[in-house]
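Colleague: Right, I'll just put the structure down here and ask away after.
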Amino acid sequence: MRRFVMCIASFTLVAAAPAPAAQSQSSSAASRSTCDAKYYDYLVGKNLDSARDISGTNYRVLAQGAAAGAAQPKRMTVTVDKGNQIVDVSCN
């Protein structure tokens, strides 16, 4: 009887645990929903004219220190300083 109770208790704990597959699916979906900023990190330190190499239309240029507004993970943001030098390329 003791063995039966232990078996049922173990089964209950395993059944109550969250499924790891659901967590990995949500993290992979989140990585797919981001922009391609990692491909344009070579632009950091260059003049804003170099941003003409960016393909696609879902990006913006933002002055350093300006309010970023609402986050949009699929949009790439190119941040420039006062001298139009690119200081950051990120997804937001």
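As shown in the structure tokens, the chain order sets the letters A, B, ...; within each chain, residues go from 1, and ligands are also counted from 1 in the order they appear.
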So that I can see what lies close to region 45-55 of chain A, please list as a list in words the residues with an atom at most 9 Å from it, counting only C-alpha atoms and leaving out residues fewer than 3 positions away in the same chain.
Modeller: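 Answer for this query is Tyr40, Tyr42, Asn58, Tyr59, Val61, Val78, Val80, Gly83, Asn84, Gln85, Ile86, Val87 and Asp88 of chain A.
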Colleague: Given the selection you just returned, output its residues as a file containing all heavy atoms, formatted as a CSV table (one decimal), in the first residue's frame.
Modeller:
chain,number,residue,atom,x,y,z
A,40,TYR,N,23.1,44.2,-38.6
A,40,TYR,CA,23.5,45.6,-38.9
A,40,TYR,C,24.4,46.2,-37.8
A,40,TYR,O,24.6,47.4,-37.8
A,40,TYR,CB,22.3,46.5,-39.2
A,40,TYR,CG,21.6,46.0,-40.4
A,40,TYR,CD1,20.4,45.3,-40.3
A,40,TYR,CD2,22.0,46.4,-41.7
A,40,TYR,CE1,19.7,44.9,-41.4
A,40,TYR,CE2,21.4,46.0,-42.8
A,40,TYR,CZ,20.2,45.2,-42.7
A,40,TYR,OH,19.6,44.8,-43.8
A,42,TYR,N,27.4,46.2,-37.5
A,42,TYR,CA,28.7,46.8,-38.1
A,42,TYR,C,28.5,48.3,-38.4
A,42,TYR,O,29.5,49.0,-38.6
A,42,TYR,CB,29.0,46.0,-39.4
A,42,TYR,CG,28.1,46.3,-40.5
A,42,TYR,CD1,28.3,47.3,-41.4
A,42,TYR,CD2,26.9,45.5,-40.7
A,42,TYR,CE1,27.5,47.6,-42.5
A,42,TYR,CE2,26.1,45.7,-41.8
A,42,TYR,CZ,26.3,46.8,-42.6
A,42,TYR,OH,25.5,47.0,-43.7
A,58,ASN,N,11.0,48.6,-42.1
A,58,ASN,CA,10.6,48.6,-40.7
A,58,ASN,C,11.7,49.0,-39.8
A,58,ASN,O,12.2,48.2,-39.0
A,58,ASN,CB,10.0,47.3,-40.3
A,58,ASN,CG,9.1,47.4,-39.1
A,58,ASN,OD1,8.8,48.5,-38.7
A,58,ASN,ND2,8.8,46.3,-38.5
A,59,TYR,N,12.2,50.2,-40.0
A,59,TYR,CA,13.3,50.7,-39.1
A,59,TYR,C,13.1,52.2,-39.0
A,59,TYR,O,12.4,52.9,-39.7
A,59,TYR,CB,14.7,50.4,-39.6
A,59,TYR,CG,15.2,51.2,-40.8
A,59,TYR,CD1,15.9,52.3,-40.6
A,59,TYR,CD2,14.9,50.8,-42.1
A,59,TYR,CE1,16.4,53.1,-41.7
A,59,TYR,CE2,15.3,51.5,-43.2
A,59,TYR,CZ,16.1,52.6,-43.0
A,59,TYR,OH,16.5,53.3,-44.1
A,61,VAL,N,15.2,56.0,-37.4
A,61,VAL,CA,16.4,56.7,-36.9
A,61,VAL,C,15.9,57.6,-35.7
A,61,VAL,O,15.0,58.3,-35.8
A,61,VAL,CB,17.0,57.6,-38.0
A,61,VAL,CG1,18.2,58.3,-37.4
A,61,VAL,CG2,17.5,56.7,-39.2
A,78,VAL,N,17.8,52.7,-35.2
A,78,VAL,CA,19.2,53.2,-35.4
A,78,VAL,C,19.3,54.5,-34.6
A,78,VAL,O,18.6,55.4,-34.9
A,78,VAL,CB,19.5,53.4,-36.9
A,78,VAL,CG1,20.9,53.9,-37.0
A,78,VAL,CG2,19.3,52.1,-37.7
A,80,VAL,N,21.4,57.7,-33.3
A,80,VAL,CA,22.6,58.5,-33.7
A,80,VAL,C,22.8,59.6,-32.7
A,80,VAL,O,21.9,60.0,-32.0
A,80,VAL,CB,22.3,59.1,-35.1
A,80,VAL,CG1,22.2,58.1,-36.2
A,80,VAL,CG2,21.1,60.0,-35.1
A,83,GLY,N,26.4,64.3,-33.9
A,83,GLY,CA,27.3,64.3,-35.1
A,83,GLY,C,26.8,63.3,-36.2
A,83,GLY,O,27.6,63.1,-37.1
A,84,ASN,N,25.6,62.8,-36.1
A,84,ASN,CA,25.1,61.8,-37.0
A,84,ASN,C,25.9,60.5,-37.1
A,84,ASN,O,25.9,59.8,-38.1
A,84,ASN,CB,24.9,62.4,-38.4
A,84,ASN,CG,23.6,63.2,-38.4
A,84,ASN,OD1,22.7,63.0,-37.6
A,84,ASN,ND2,23.5,64.1,-39.4
A,85,GLN,N,26.6,60.2,-36.0
A,85,GLN,CA,27.3,58.9,-35.9
A,85,GLN,C,26.4,57.9,-35.2
A,85,GLN,O,25.7,58.2,-34.2
A,85,GLN,CB,28.6,59.1,-35.0
A,85,GLN,CG,29.6,60.0,-35.6
A,85,GLN,CD,30.2,59.4,-36.9
A,85,GLN,OE1,30.5,58.3,-37.0
A,85,GLN,NE2,30.4,60.3,-37.9
A,86,ILE,N,26.3,56.7,-35.8
A,86,ILE,CA,25.5,55.7,-35.3
A,86,ILE,C,26.1,55.1,-34.0
A,86,ILE,O,27.2,54.7,-34.0
A,86,ILE,CB,25.3,54.6,-36.3
A,86,ILE,CG1,24.6,55.1,-37.6
A,86,ILE,CG2,24.5,53.4,-35.7
A,86,ILE,CD1,24.5,54.2,-38.7
A,87,VAL,N,25.3,55.2,-32.9
A,87,VAL,CA,25.8,54.7,-31.6
A,87,VAL,C,25.1,53.4,-31.2
A,87,VAL,O,25.6,52.7,-30.3
A,87,VAL,CB,25.6,55.8,-30.5
A,87,VAL,CG1,26.5,57.0,-30.8
A,87,VAL,CG2,24.2,56.2,-30.4
A,88,ASP,N,24.0,53.0,-31.8
A,88,ASP,CA,23.3,51.8,-31.4
A,88,ASP,C,22.4,51.4,-32.5
A,88,ASP,O,21.8,52.2,-33.2
A,88,ASP,CB,22.5,52.0,-30.1
A,88,ASP,CG,22.0,50.7,-29.6
A,88,ASP,OD1,22.6,49.7,-29.6
A,88,ASP,OD2,20.8,50.7,-29.1
Colleague: Any idea what's packed within 10 Å of Ala68 (chain A), counting only C-alpha atoms, ignoring anything in its chain fewer than 4 positions away? Could you give it as a list in words?
Modeller: Leu62, Ala63, Gln64, Thr77, Thr79 and Asn92 of chain A
Colleague: From the list A:Val44, A:Lys82, A:Cys91, A:Asp36, which residue is nearest Gly65 (chain A) when using only C-alpha atoms?
Modeller: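 Checking each candidate against Gly65 (chain A), we get A:Lys82 as the closest.
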Colleague: What does the distance from CA of Lys38 (chain A) to CA of Asp81 (chain A) come to in Å, to one decimal?
Modeller: 19.8 Å
